[in-house]
>>> print(open('structure-v2.txt').read())   # compact mmCIF, C-alpha atoms
# COMPACT_ATOMS: atom_id res chain seq x y z
CA MET A 30 67.65 103.80 58.05
CA TYR A 31 71.18 104.00 56.68
CA GLU A 32 72.54 102.53 53.48
CA GLY A 33 73.70 98.94 53.19
CA VAL A 34 76.64 97.97 55.35
CA VAL A 35 76.27 100.81 57.87
CA GLN A 36 72.74 99.65 58.68
CA ASP A 37 73.96 96.03 58.81
CA LEU A 38 76.57 97.06 61.38
CA ILE A 39 73.96 98.92 63.46
CA ASP A 40 71.64 95.88 63.31
CA GLU A 41 74.41 93.48 64.38
CA LEU A 42 75.53 95.72 67.25
CA GLY A 43 71.91 96.10 68.33
CA ARG A 44 71.73 92.34 68.90
CA LEU A 45 74.31 92.56 71.69
CA PRO A 46 73.00 92.46 75.28
CA GLY A 47 72.25 95.86 76.74
CA VAL A 48 72.78 97.66 73.42
CA GLY A 49 69.68 99.46 72.18
CA PRO A 50 69.17 101.02 68.73
CA LYS A 51 70.58 104.42 69.79
CA SER A 52 73.68 102.90 71.42
CA ALA A 53 74.19 100.66 68.37
CA GLN A 54 74.13 103.73 66.14
CA ARG A 55 76.61 105.55 68.39
CA ILE A 56 79.04 102.61 68.43
CA ALA A 57 78.71 102.17 64.65
CA PHE A 58 79.63 105.82 64.01
CA HIS A 59 82.47 105.59 66.50
CA LEU A 60 83.84 102.63 64.54
CA LEU A 61 83.44 104.51 61.24
CA ALA A 62 85.44 107.41 62.61
CA ALA A 63 88.06 105.25 64.36
CA ASP A 64 91.58 104.51 63.14
CA PRO A 65 91.49 101.46 60.78
CA VAL A 66 94.27 99.85 62.84
CA ASP A 67 92.10 99.92 65.97
CA VAL A 68 89.13 98.43 64.11
CA ARG A 69 91.32 95.67 62.64
CA ARG A 70 92.60 94.87 66.12
CA LEU A 71 89.02 94.56 67.36
CA VAL A 72 88.12 92.28 64.45
CA HIS A 73 91.20 90.15 65.13
CA VAL A 74 90.35 89.77 68.83
CA LEU A 75 86.73 88.88 68.04
CA THR A 76 87.81 86.20 65.57
CA GLU A 77 90.48 84.87 67.90
CA VAL A 78 88.13 84.63 70.87
CA LYS A 79 85.71 82.50 68.87
CA ASP A 80 88.51 80.31 67.48
CA LYS A 81 90.56 79.80 70.62
CA VAL A 82 88.28 79.97 73.61
CA ARG A 83 86.49 76.86 74.69
CA PHE A 84 85.21 75.45 77.96
CA CYS A 85 87.52 73.61 80.34
CA LYS A 86 86.80 69.87 80.14
CA THR A 87 87.14 69.56 83.92
CA CYS A 88 85.44 72.60 85.45
CA GLY A 89 83.52 74.26 82.60
CA ASN A 90 85.33 77.58 82.98
CA VAL A 91 86.43 79.47 79.84
CA ALA A 92 89.83 78.21 78.71
CA GLU A 93 92.23 78.44 75.81
CA GLN A 94 93.39 74.84 76.16
CA GLU A 95 91.62 71.60 77.07
CA GLU A 96 91.86 72.59 80.73
CA CYS A 97 91.72 76.10 82.17
CA ARG A 98 94.64 77.81 83.90
CA ILE A 99 93.28 77.01 87.36
CA CYS A 100 92.71 73.29 86.75
CA ARG A 101 96.24 72.98 85.28
CA ASP A 102 97.89 74.76 88.21
CA PRO A 103 99.56 72.10 90.46
CA ARG A 104 99.67 74.55 93.40
CA ARG A 105 95.87 74.65 93.69
CA ASP A 106 94.32 72.62 96.50
CA ARG A 107 92.71 69.59 94.86
CA SER A 108 90.69 68.67 97.94
CA VAL A 109 88.31 71.65 97.69
CA ILE A 110 85.87 72.47 94.89
CA CYS A 111 83.95 75.73 94.77
CA VAL A 112 80.72 75.55 92.75
CA VAL A 113 79.70 78.74 90.90
CA GLU A 114 77.02 79.57 88.36
CA GLU A 115 79.08 81.39 85.71
CA SER A 116 82.70 81.94 84.66
CA LYS A 117 82.28 85.57 85.75
CA ASP A 118 81.90 84.32 89.33
CA VAL A 119 85.29 82.56 89.13
CA VAL A 120 86.90 85.91 88.32
CA ALA A 121 85.06 87.60 91.21
CA ILE A 122 86.26 84.96 93.71
CA GLU A 123 89.80 84.94 92.31
CA LYS A 124 90.00 88.68 93.00
CA THR A 125 89.56 87.99 96.72
CA ARG A 126 92.79 85.88 96.79
CA GLU A 127 91.15 83.92 99.62
CA PHE A 128 90.46 80.69 97.80
CA ARG A 129 93.18 78.28 96.72
CA GLY A 130 91.06 75.33 95.61
CA ARG A 131 89.51 74.61 92.22
CA TYR A 132 86.16 75.53 90.69
CA HIS A 133 83.18 73.94 89.03
CA VAL A 134 81.07 76.16 86.73
CA LEU A 135 77.46 74.95 86.54
CA GLY A 136 76.43 77.17 83.63
CA GLY A 137 73.45 78.70 85.44
CA ALA A 138 71.03 77.94 88.25
CA ILE A 139 67.94 75.75 88.56
CA SER A 140 64.95 77.82 87.45
CA PRO A 141 61.85 75.74 86.68
CA ILE A 142 59.90 78.84 85.56
CA GLU A 143 62.52 79.36 82.81
CA GLY A 144 62.50 75.63 82.04
CA ILE A 145 66.02 75.10 83.47
CA GLY A 146 66.34 71.92 85.52
CA PRO A 147 69.35 70.07 86.99
CA ASP A 148 69.82 68.16 83.73
CA ASP A 149 70.48 71.44 81.89
CA LEU A 150 73.41 72.29 84.19
CA ARG A 151 76.80 70.61 84.64
CA VAL A 152 75.61 68.64 87.66
CA ARG A 153 76.47 65.21 86.30
CA GLU A 154 80.04 66.36 85.60
CA LEU A 155 80.28 67.63 89.18
CA MET A 156 79.18 64.27 90.58
CA THR A 157 81.84 62.54 88.47
CA ARG A 158 84.49 64.86 89.88
CA LEU A 159 83.30 64.30 93.43
CA ALA A 160 83.56 60.56 93.02
CA ASP A 161 87.30 61.20 92.96
CA ASP A 162 88.65 60.47 96.45
CA GLU A 163 90.81 63.61 96.52
CA VAL A 164 87.86 65.97 97.15
CA THR A 165 86.90 66.49 100.79
CA GLU A 166 85.03 69.80 100.73
CA LEU A 167 82.46 71.32 98.42
CA ILE A 168 81.80 75.07 98.67
CA LEU A 169 78.46 76.14 97.23
CA ALA A 170 78.97 79.66 95.90
CA THR A 171 75.84 80.04 93.78
CA ASP A 172 74.24 83.52 93.72
CA PRO A 173 72.52 84.59 96.98
CA ASN A 174 69.13 84.81 95.24
CA LEU A 175 66.23 82.39 95.15
CA GLU A 176 67.46 80.29 92.21
CA GLY A 177 70.97 80.18 93.67
CA GLU A 178 69.70 79.08 97.09
CA ALA A 179 67.48 76.39 95.55
CA THR A 180 70.39 75.12 93.44
CA ALA A 181 72.59 74.98 96.56
CA THR A 182 69.87 73.06 98.46
CA TYR A 183 69.54 70.60 95.58
CA LEU A 184 73.30 70.01 95.33
CA ALA A 185 73.73 69.68 99.10
CA ARG A 186 71.06 66.98 99.20
CA LEU A 187 72.61 65.18 96.22
CA VAL A 188 76.11 65.21 97.70
CA LYS A 189 75.13 64.40 101.30
CA PRO A 190 75.41 60.59 100.93
CA MET A 191 79.02 60.99 99.75
CA GLY A 192 80.03 62.16 103.22
CA LEU A 193 81.80 65.33 102.04
CA ARG A 194 81.98 68.56 104.00
CA VAL A 195 79.49 70.85 102.22
CA THR A 196 79.61 74.58 102.96
CA ARG A 197 77.68 77.58 101.66
CA LEU A 198 79.11 81.09 101.28
CA ALA A 199 78.01 83.40 104.10
CA SER A 200 75.39 86.06 103.37
CA GLY A 201 75.15 89.33 105.18
CA LEU A 202 76.11 92.95 105.35
CA PRO A 203 78.28 94.56 102.69
CA VAL A 204 81.57 95.93 103.96
CA GLY A 205 81.52 99.72 104.21
CA GLY A 206 77.74 100.07 104.49
CA ASP A 207 75.50 101.45 107.24
CA LEU A 208 73.48 98.93 109.25
CA GLU A 209 70.32 101.07 109.18
CA TYR A 210 70.12 100.81 105.38
CA ALA A 211 70.32 97.02 105.28
CA ASP A 212 67.12 95.27 104.24
CA GLU A 213 65.55 92.86 106.73
CA VAL A 214 66.31 89.73 104.68
CA THR A 215 70.03 90.51 104.48
CA LEU A 216 70.20 91.63 108.10
CA GLY A 217 68.37 88.45 109.16
CA ARG A 218 70.92 86.34 107.26
CA ALA A 219 73.76 88.31 108.89
CA PHE A 220 72.33 87.44 112.30
CA GLU A 221 71.95 83.77 111.37
CA GLY A 222 75.56 83.62 110.21
CA ARG A 223 77.09 85.65 113.05
CA ARG A 224 80.46 84.37 114.25
CA LEU A 225 82.29 84.16 117.51
CA ILE A 226 84.98 86.78 118.05
CA ASP A 227 87.98 84.97 119.36
CA VAL A 228 90.15 87.43 121.31
CA MET B 5 54.32 111.96 87.64
CA SER B 6 51.89 109.17 88.48
CA LEU B 7 52.62 107.09 91.55
CA TYR B 8 50.57 104.30 93.01
CA ARG B 9 50.86 102.10 96.05
CA ASP B 10 49.84 98.47 96.23
CA GLU B 11 50.88 95.18 97.75
CA GLY B 12 51.96 92.30 95.59
CA VAL B 13 53.72 88.95 95.30
CA VAL B 14 56.83 88.72 93.12
CA LEU B 15 56.15 86.08 90.46
CA ARG B 16 59.23 86.27 88.28
CA THR B 17 62.33 88.35 87.70
CA GLN B 18 64.30 88.85 84.49
CA LYS B 19 67.67 90.49 84.12
CA LEU B 20 67.63 93.89 82.43
CA GLY B 21 70.77 95.74 81.35
CA GLU B 22 73.73 96.01 83.69
CA ALA B 23 72.19 95.78 87.16
CA ASP B 24 68.39 96.09 86.77
CA ARG B 25 65.63 93.54 86.77
CA ILE B 26 62.13 93.41 85.35
CA ILE B 27 59.92 92.27 88.23
CA THR B 28 56.60 90.61 87.43
CA LEU B 29 54.17 91.02 90.31
CA LEU B 30 50.64 89.94 91.10
CA THR B 31 49.19 92.87 93.02
CA ARG B 32 46.06 93.12 95.12
CA SER B 33 44.43 96.01 93.24
CA HIS B 34 46.27 96.37 89.95
CA GLY B 35 46.42 92.73 88.86
CA ARG B 36 49.57 91.60 87.11
CA VAL B 37 52.15 94.36 86.81
CA ARG B 38 55.62 94.45 85.26
CA ALA B 39 57.96 96.98 86.79
CA VAL B 40 61.68 97.71 86.64
CA GLY B 41 63.71 97.31 89.83
CA LYS B 42 66.64 99.65 89.26
CA GLY B 43 70.04 98.46 90.46
CA VAL B 44 68.55 95.48 92.33
CA ARG B 45 71.25 93.07 91.15
CA ARG B 46 73.96 95.04 92.93
CA THR B 47 74.92 93.56 96.30
CA ARG B 48 74.46 97.00 97.85
CA SER B 49 70.93 97.39 96.52
CA LYS B 50 68.57 98.66 99.19
CA PHE B 51 65.64 96.52 98.10
CA GLY B 52 67.07 93.76 95.90
CA ALA B 53 66.36 91.11 98.53
CA ARG B 54 62.76 92.29 98.82
CA LEU B 55 62.09 91.79 95.13
CA GLU B 56 62.87 88.09 94.93
CA PRO B 57 60.20 85.57 93.85
CA PHE B 58 57.85 84.36 96.65
CA THR B 59 58.11 87.68 98.51
CA HIS B 60 54.96 89.53 99.55
CA VAL B 61 55.80 93.24 99.38
CA ASP B 62 54.26 96.64 99.93
CA LEU B 63 55.25 98.75 96.94
CA GLN B 64 55.35 102.25 95.67
CA ILE B 65 55.48 102.23 91.90
CA TYR B 66 55.97 104.98 89.35
CA GLU B 67 53.77 104.47 86.34
CA GLY B 68 55.95 104.53 83.24
CA ARG B 69 55.04 104.60 79.57
CA SER B 70 55.85 100.98 78.79
CA LEU B 71 57.20 99.60 82.06
CA ASP B 72 56.54 100.87 85.58
CA VAL B 73 59.42 101.52 87.98
CA VAL B 74 59.57 100.27 91.58
CA GLN B 75 60.41 103.22 93.80
CA GLN B 76 60.09 101.66 97.24
CA ALA B 77 59.51 98.15 98.53
CA GLU B 78 58.89 96.92 102.07
CA THR B 79 58.63 93.22 102.92
CA LEU B 80 55.27 92.09 104.29
CA ALA B 81 56.23 88.40 104.31
CA SER B 82 59.19 86.60 102.81
CA TYR B 83 58.43 82.97 101.92
CA GLY B 84 61.44 82.46 99.65
CA ASP B 85 63.90 81.18 102.27
CA ARG B 86 61.55 78.55 103.67
CA ILE B 87 60.47 77.45 100.21
CA ALA B 88 63.98 77.28 98.69
CA ASP B 89 65.13 75.23 101.72
CA ASP B 90 63.43 72.18 100.26
CA TYR B 91 63.64 71.22 96.59
CA GLY B 92 60.11 69.73 96.53
CA ARG B 93 58.65 72.93 98.00
CA TYR B 94 60.67 75.06 95.58
CA THR B 95 59.52 73.25 92.44
CA SER B 96 55.88 73.21 93.67
CA GLY B 97 56.03 76.90 94.57
CA THR B 98 57.43 77.79 91.15
CA VAL B 99 54.44 76.11 89.48
CA MET B 100 52.13 78.18 91.70
CA LEU B 101 53.84 81.40 90.58
CA GLU B 102 53.76 80.41 86.90
CA THR B 103 50.07 79.42 87.13
CA ALA B 104 49.17 82.73 88.79
CA GLU B 105 50.96 84.54 85.97
CA ARG B 106 49.24 82.53 83.25
CA LEU B 107 45.76 82.80 84.74
CA THR B 108 46.00 86.58 84.86
CA ALA B 109 46.32 87.02 81.12
CA GLU B 110 45.81 90.78 80.99
CA GLU B 111 48.19 93.17 82.73
CA ARG B 112 46.58 95.65 85.16
CA GLU B 113 43.29 93.77 85.22
CA PRO B 114 42.44 93.43 88.94
CA ALA B 115 42.61 89.80 90.14
CA THR B 116 42.17 90.13 93.89
CA GLN B 117 40.87 86.56 94.37
CA GLN B 118 43.91 85.10 92.58
CA PHE B 119 46.18 87.33 94.65
CA LEU B 120 44.63 86.23 97.97
CA LEU B 121 44.75 82.61 96.88
CA LEU B 122 48.43 82.88 95.96
CA VAL B 123 49.38 84.53 99.26
CA GLY B 124 47.49 81.81 101.18
CA GLY B 125 49.02 79.06 99.05
CA LEU B 126 52.59 80.31 99.52
CA ARG B 127 52.08 80.73 103.26
CA THR B 128 50.80 77.15 103.54
CA LEU B 129 53.68 75.87 101.42
CA ALA B 130 56.27 77.74 103.52
CA GLU B 131 54.75 76.47 106.80
CA ALA B 132 55.44 72.90 105.57
CA ALA B 133 52.41 71.55 107.45
CA HIS B 134 51.26 69.51 104.41
CA ALA B 135 53.05 67.68 101.58
CA PRO B 136 54.15 70.24 98.93
CA GLY B 137 52.45 68.22 96.16
CA LEU B 138 49.09 68.41 97.96
CA VAL B 139 49.44 72.16 98.57
CA LEU B 140 50.24 72.59 94.88
CA ASP B 141 47.26 70.54 93.68
CA ALA B 142 44.91 72.37 96.09
CA PHE B 143 46.19 75.69 94.77
CA LEU B 144 45.85 74.64 91.12
CA LEU B 145 42.26 73.41 91.55
CA ARG B 146 41.21 76.54 93.43
CA SER B 147 43.07 78.87 91.12
CA LEU B 148 41.32 77.30 88.12
CA ALA B 149 37.99 77.59 89.98
CA VAL B 150 38.60 81.32 90.58
CA ALA B 151 39.41 81.70 86.87
CA GLY B 152 36.04 80.12 86.04
CA TYR B 153 37.18 76.55 85.39
CA ALA B 154 35.96 74.83 88.57
CA ALA B 155 36.09 71.07 88.28
CA SER B 156 33.25 68.89 89.57
CA PHE B 157 34.24 65.81 91.55
CA ASP B 158 30.80 64.68 92.67
CA ASP B 159 27.83 65.74 90.49
CA CYS B 160 27.98 64.98 86.79
CA ALA B 161 29.74 67.88 85.03
CA VAL B 162 27.42 67.51 82.01
CA CYS B 163 23.88 66.83 83.36
CA ALA B 164 24.43 67.75 87.06
CA ARG B 165 23.01 64.41 88.22
CA PRO B 166 24.09 63.95 91.85
CA GLY B 167 27.13 61.68 92.26
CA PRO B 168 29.36 60.01 93.04
CA HIS B 169 30.12 58.94 89.47
CA PRO B 170 32.83 56.52 88.38
CA PHE B 171 34.11 58.43 85.34
CA PHE B 172 36.23 61.55 84.86
CA ASN B 173 36.55 63.58 81.70
CA VAL B 174 38.88 66.56 81.46
CA PRO B 175 37.20 68.45 78.56
CA ALA B 176 33.74 67.87 80.11
CA GLY B 177 34.89 69.49 83.37
CA GLY B 178 35.27 66.64 85.86
CA ALA B 179 33.21 63.66 87.03
CA VAL B 180 30.65 62.38 84.52
CA CYS B 181 27.81 59.86 84.85
CA GLY B 182 27.53 56.66 82.82
CA THR B 183 24.94 58.21 80.49
CA CYS B 184 26.84 61.42 79.66
CA ARG B 185 30.27 59.81 79.61
CA PRO B 186 32.13 61.12 76.51
CA SER B 187 34.72 58.96 74.79
CA GLY B 188 38.18 59.30 76.29
CA SER B 189 36.83 59.38 79.86
CA VAL B 190 38.91 57.68 82.52
CA SER B 191 37.71 55.82 85.58
CA PRO B 192 39.90 56.84 88.53
CA ALA B 193 39.61 55.30 91.99
CA ARG B 194 36.84 56.78 94.14
CA SER B 195 39.46 57.73 96.73
CA THR B 196 41.24 59.86 94.10
CA LEU B 197 38.12 61.90 93.35
CA ASP B 198 37.50 62.21 97.11
CA LEU B 199 41.05 63.53 97.54
CA LEU B 200 40.62 66.09 94.77
CA ALA B 201 37.27 67.22 96.22
CA ALA B 202 38.96 67.57 99.62
CA LEU B 203 41.77 69.64 98.10
CA LEU B 204 39.29 71.91 96.35
CA THR B 205 37.30 72.52 99.53
CA GLY B 206 40.28 72.60 101.92
CA ASP B 207 39.51 69.41 103.86
CA TRP B 208 43.10 68.75 104.95
CA VAL B 209 42.21 65.87 107.27
CA VAL B 210 41.11 63.80 104.28
CA ALA B 211 43.93 65.08 102.06
CA ASP B 212 46.72 64.39 104.57
CA ALA B 213 45.42 60.86 105.18
CA SER B 214 45.59 59.92 101.47
CA ASP B 215 48.04 57.25 100.33
CA PRO B 216 50.86 57.83 97.75
CA ARG B 217 49.04 55.93 94.97
CA THR B 218 45.92 58.10 95.31
CA ARG B 219 48.06 61.26 95.35
CA ARG B 220 49.88 60.13 92.20
CA GLU B 221 46.64 59.49 90.33
CA GLY B 222 45.21 62.76 91.67
CA ASN B 223 48.09 64.92 90.52
CA GLY B 224 47.97 63.27 87.10
CA LEU B 225 44.31 64.34 86.76
CA VAL B 226 45.06 67.87 88.05
CA ALA B 227 47.97 68.24 85.59
CA ALA B 228 45.76 67.09 82.68
CA TYR B 229 42.95 69.44 83.78
CA LEU B 230 45.35 72.38 84.08
CA GLN B 231 46.97 71.66 80.72
CA TRP B 232 43.56 71.51 79.03
CA HIS B 233 42.49 74.92 80.33
CA LEU B 234 45.82 76.70 79.90
CA GLU B 235 46.21 75.28 76.37
CA ARG B 236 49.99 75.82 76.48
CA GLY B 237 51.81 73.69 79.06
CA LEU B 238 53.64 75.18 82.04
CA ARG B 239 57.44 75.03 81.83
CA SER B 240 57.84 74.31 85.51
CA LEU B 241 55.24 71.56 85.91
CA PRO B 242 57.34 68.65 84.55
CA MET B 243 60.09 69.59 87.06
CA VAL B 244 57.97 69.21 90.18
CA GLU B 245 59.55 66.80 92.62
CA ARG B 246 56.87 64.75 94.32
CA THR B 247 57.69 62.41 97.16
>>> encode(input="structure-v2.txt", output="structure tokens")
Amino acid sequence: MYEGVVQDLIDELGRLPGVGPKSAQRIAFHLLAADPVDVRRLVHVLTEVKDKVRFCKTCGNVAEQEECRICRDPRRDRSVICVVEESKDVVAIEKTREFRGRYHVLGGAISPIEGIGPDDLRVRELMTRLADDEVTELILATDPNLEGEATATYLARLVKPMGLRVTRLASGLPVGGDLEYADEVTLGRAFEGRRLIDV
Amino acid sequence: MSLYRDEGVVLRTQKLGEADRIITLLTRSHGRVRAVGKGVRRTRSKFGARLEPFTHVDLQIYEGRSLDVVQQAETLASYGDRIADDYGRYTSGTVMLETAERLTAEEREPATQQFLLLVGGLRTLAEAAHAPGLVLDAFLLRSLAVAGYAASFDDCAVCARPGPHPFFNVPAGGAVCGTCRPSGSVSPARSTLDLLAALLTGDWVVADASDPRTRREGNGLVAAYLQWHLERGLRSLPMVERT
């Protein structure tokens, strides 16, 4: 146990995800030894992020204005919406530079065992967006795990009567890996989703 | 270094740190076990897909001080895809997993009967031969019976007088006769008690032939019975989609 404010700092850092008591202590002493200018900059960014950042009123992504950068961009294809679980997934897809449509962030996946049902996610907001005639395709890009698959199944069934084209991201082998190390579930999915080579 | 090998069903996963998960399993010989799956959230993980809920796996586990660590996992049967394909099956299956977890209160206390029942229940659910709600209710009644809370649907649960009896009382343990009937007893339709008896014994001909009204009343009684014995309600039960 340290005195007063040092212990408070360690306790606060220890509440962060993935930071245990030892790591909290290490970060705290790093901050104590750091240049005051650097620490002030960190404090400023932390305050600013809480003051400025909010969730986009359209897609639920993190934004600094009412709408996020992607929803405001007139060059984005308004006929396609890609549904993801978290804002982190938007960044991952944006890095591919393959997708030019817009997003919808659900805020998680359906997980009854954790008490998370469709009403706890931004499903109603998605349905409101889809009612807009502009949208013709919905891409379900929830995580390729059980909760993600179940969420995609639920959304596909909900959207079906609207007559939209509903697609799911392909699952399969990671690029650069060896086939022999693939697990049977992934390899099975890769076979299911095999595509025709057009030469 | 202490290693052990067992087969188990993945009940639940929780994120841990950057790319790990805590996997809760119901194993054949070691009962309920919590073990860390290292790096399983990475897309390149060798066994991430094998440690998803509803998967029946053969495992090699390293016994740790607080949490064990999964060293190897091979799929014996993967029910997840078939179950997640249908929202009704998914919500019913989740209740089965949560019930199995709750009815095995102590970690590492062997619960082979519960394990076998869960594997059978998930297989039946994935085969989609019966309505998911019926498979769920059959599993719940049998799972409670294995845990020592078998309900009686024919003889009186209090005085054992041969039935059928018109009343049902959850705290008393099932059907009760007119003489023993405690206050708060309900009087369900005879067909409902017949359905529940069929689900408990595995008479699927009777169960499949039941009408929606009987099923609705039946699952209400099963839910009340389960709630009474588990004391704390299941999170997943209110989300079950019944058709």
>>> residues_near_point(input="structure-v2.txt", point="(54.9, 84.8, 94.0)", cutoff="7 Å", atoms="all atoms listed in the file", output="MDAnalysis selection string")
chainID B and resid 13:15 57:59 101
>>> closest_atom_pairs(input="structure-v2.txt", of="chain A", to="chain B", cutoff="12 Å", atoms="only C-alpha atoms", output="Markdown table")
| residue | atom | partner | partner_atom | distance |
| --- | --- | --- | --- | --- |
| A:Leu45 | CA | B:Gly21 | CA | 10.8 |
| A:Pro46 | CA | B:Gly21 | CA | 7.3 |
| A:Gly47 | CA | B:Gly21 | CA | 4.8 |
| A:Val48 | CA | B:Gly21 | CA | 8.4 |
| A:Gly49 | CA | B:Gly21 | CA | 10.0 |
| A:Ile139 | CA | B:Thr95 | CA | 9.6 |
| A:Ser140 | CA | B:Ser240 | CA | 8.2 |
| A:Pro141 | CA | B:Ser240 | CA | 4.4 |
| A:Ile142 | CA | B:Ser240 | CA | 5.0 |
| A:Glu143 | CA | B:Arg239 | CA | 6.7 |
| A:Gly144 | CA | B:Arg239 | CA | 5.1 |
| A:Ile145 | CA | B:Ser240 | CA | 8.5 |
| A:Gly146 | CA | B:Met243 | CA | 6.8 |
| A:Pro147 | CA | B:Met243 | CA | 9.3 |
| A:Asp148 | CA | B:Met243 | CA | 10.4 |
| A:Asp149 | CA | B:Met243 | CA | 11.8 |
| A:Asp172 | CA | B:Arg45 | CA | 10.3 |
| A:Pro173 | CA | B:Ala53 | CA | 9.1 |
| A:Asn174 | CA | B:Glu56 | CA | 7.1 |
| A:Leu175 | CA | B:Gly84 | CA | 6.6 |
| A:Glu176 | CA | B:Ala88 | CA | 7.9 |
| A:Gly177 | CA | B:Ala88 | CA | 9.1 |
| A:Glu178 | CA | B:Ala88 | CA | 6.2 |
| A:Ala179 | CA | B:Ala88 | CA | 4.8 |
| A:Thr180 | CA | B:Tyr91 | CA | 8.4 |
| A:Ala181 | CA | B:Asp89 | CA | 9.1 |
| A:Thr182 | CA | B:Asp89 | CA | 6.1 |
| A:Tyr183 | CA | B:Tyr91 | CA | 6.0 |
| A:Leu184 | CA | B:Tyr91 | CA | 9.8 |
| A:Ala185 | CA | B:Tyr91 | CA | 10.5 |
| A:Arg186 | CA | B:Tyr91 | CA | 8.9 |
| A:Leu187 | CA | B:Tyr91 | CA | 10.8 |
| A:Ser200 | CA | B:Thr47 | CA | 10.3 |
| A:Gly201 | CA | B:Thr47 | CA | 9.8 |
| A:Leu202 | CA | B:Arg48 | CA | 8.7 |
| A:Pro203 | CA | B:Arg48 | CA | 6.6 |
| A:Val204 | CA | B:Arg48 | CA | 9.4 |
| A:Gly205 | CA | B:Arg48 | CA | 9.9 |
| A:Gly206 | CA | B:Arg48 | CA | 8.0 |
| A:Asp207 | CA | B:Arg48 | CA | 10.4 |
| A:Leu208 | CA | B:Lys50 | CA | 11.2 |
| A:Glu209 | CA | B:Lys50 | CA | 10.4 |
| A:Tyr210 | CA | B:Lys50 | CA | 6.7 |
| A:Ala211 | CA | B:Lys50 | CA | 6.5 |
| A:Asp212 | CA | B:Lys50 | CA | 6.3 |
| A:Glu213 | CA | B:Thr79 | CA | 7.9 |
| A:Val214 | CA | B:Ala53 | CA | 6.3 |
| A:Thr215 | CA | B:Ala53 | CA | 7.0 |
| A:Leu216 | CA | B:Ala53 | CA | 10.3 |
| A:Gly217 | CA | B:Asp85 | CA | 11.0 |
| A:Arg218 | CA | B:Asp85 | CA | 10.0 |
>>> residues_around(input="structure-v2.txt", residues="range 31-41 of chain B", least_positions_apart="4", cutoff="9 Å", atoms="only C-alpha atoms", output="number ranges by chain")
B: 10-14, 20, 24-27, 45, 51-52, 55, 65-68, 71-75, 105, 108-120
>>> closest_residue(input="structure-v2.txt", among="B:Arg146, B:Asp141, B:Gln64, B:Ser6", to="Arg246 in chain B", atoms="only C-alpha atoms")
B:Asp141
>>> residues_around(input="structure-v2.txt", residues="Val91 in chain A", least_positions_apart="6", cutoff="12 Å", atoms="all atoms listed in the file", output="PDB file with C-alpha atoms, in the frame of the given file")
ATOM      1  CA  VAL A  78      88.130  84.630  70.870  1.00  0.00           C
ATOM      2  CA  LYS A  79      85.710  82.500  68.870  1.00  0.00           C
ATOM      3  CA  LYS A  81      90.560  79.800  70.620  1.00  0.00           C
ATOM      4  CA  VAL A  82      88.280  79.970  73.610  1.00  0.00           C
ATOM      5  CA  ARG A  83      86.490  76.860  74.690  1.00  0.00           C
ATOM      6  CA  PHE A  84      85.210  75.450  77.960  1.00  0.00           C
ATOM      7  CA  CYS A  85      87.520  73.610  80.340  1.00  0.00           C
ATOM      8  CA  CYS A  97      91.720  76.100  82.170  1.00  0.00           C
ATOM      9  CA  ARG A  98      94.640  77.810  83.900  1.00  0.00           C
ATOM     10  CA  ILE A  99      93.280  77.010  87.360  1.00  0.00           C
ATOM     11  CA  CYS A 100      92.710  73.290  86.750  1.00  0.00           C
ATOM     12  CA  GLU A 115      79.080  81.390  85.710  1.00  0.00           C
ATOM     13  CA  SER A 116      82.700  81.940  84.660  1.00  0.00           C
ATOM     14  CA  LYS A 117      82.280  85.570  85.750  1.00  0.00           C
ATOM     15  CA  ASP A 118      81.900  84.320  89.330  1.00  0.00           C
ATOM     16  CA  VAL A 119      85.290  82.560  89.130  1.00  0.00           C
ATOM     17  CA  VAL A 120      86.900  85.910  88.320  1.00  0.00           C
ATOM     18  CA  TYR A 132      86.160  75.530  90.690  1.00  0.00           C
ATOM     19  CA  HIS A 133      83.180  73.940  89.030  1.00  0.00           C
ATOM     20  CA  VAL A 134      81.070  76.160  86.730  1.00  0.00           C
ATOM     21  CA  GLY A 136      76.430  77.170  83.630  1.00  0.00           C
TER      22      GLY A 136
END
>>> axis_aligned_box(input="structure-v2.txt", around="range 47-60 of chain A", padding_each_side="3 Å", output="lines of an AutoDock Vina configuration file")
center_x = 76.5
center_y = 100.8
center_z = 70.4
size_x = 20.7
size_y = 16.0
size_z = 18.7
>>> residues_around(input="structure-v2.txt", residues="range 177-193 of chain B", least_positions_apart="3", cutoff="7 Å", atoms="all atoms listed in the file", output="CSV table (one decimal) with C-alpha atoms, in the coordinates of the input")
chain,number,residue,atom,x,y,z
B,155,ALA,CA,36.1,71.1,88.3
B,156,SER,CA,33.2,68.9,89.6
B,157,PHE,CA,34.2,65.8,91.6
B,158,ASP,CA,30.8,64.7,92.7
B,159,ASP,CA,27.8,65.7,90.5
B,160,CYS,CA,28.0,65.0,86.8
B,161,ALA,CA,29.7,67.9,85.0
B,162,VAL,CA,27.4,67.5,82.0
B,169,HIS,CA,30.1,58.9,89.5
B,170,PRO,CA,32.8,56.5,88.4
B,171,PHE,CA,34.1,58.4,85.3
B,172,PHE,CA,36.2,61.6,84.9
B,173,ASN,CA,36.6,63.6,81.7
B,174,VAL,CA,38.9,66.6,81.5
B,196,THR,CA,41.2,59.9,94.1
B,197,LEU,CA,38.1,61.9,93.4
>>> closest_residue(input="structure-v2.txt", among="B:Gln76, B:Leu148, B:Glu221, B:Trp208", to="His233 in chain B", atoms="all atoms listed in the file")
B:Leu148
>>> atom_distance(input="structure-v2.txt", atom1="CA of Glu114 in chain A", atom2="CA of Val188 in chain A")
17.2 Å
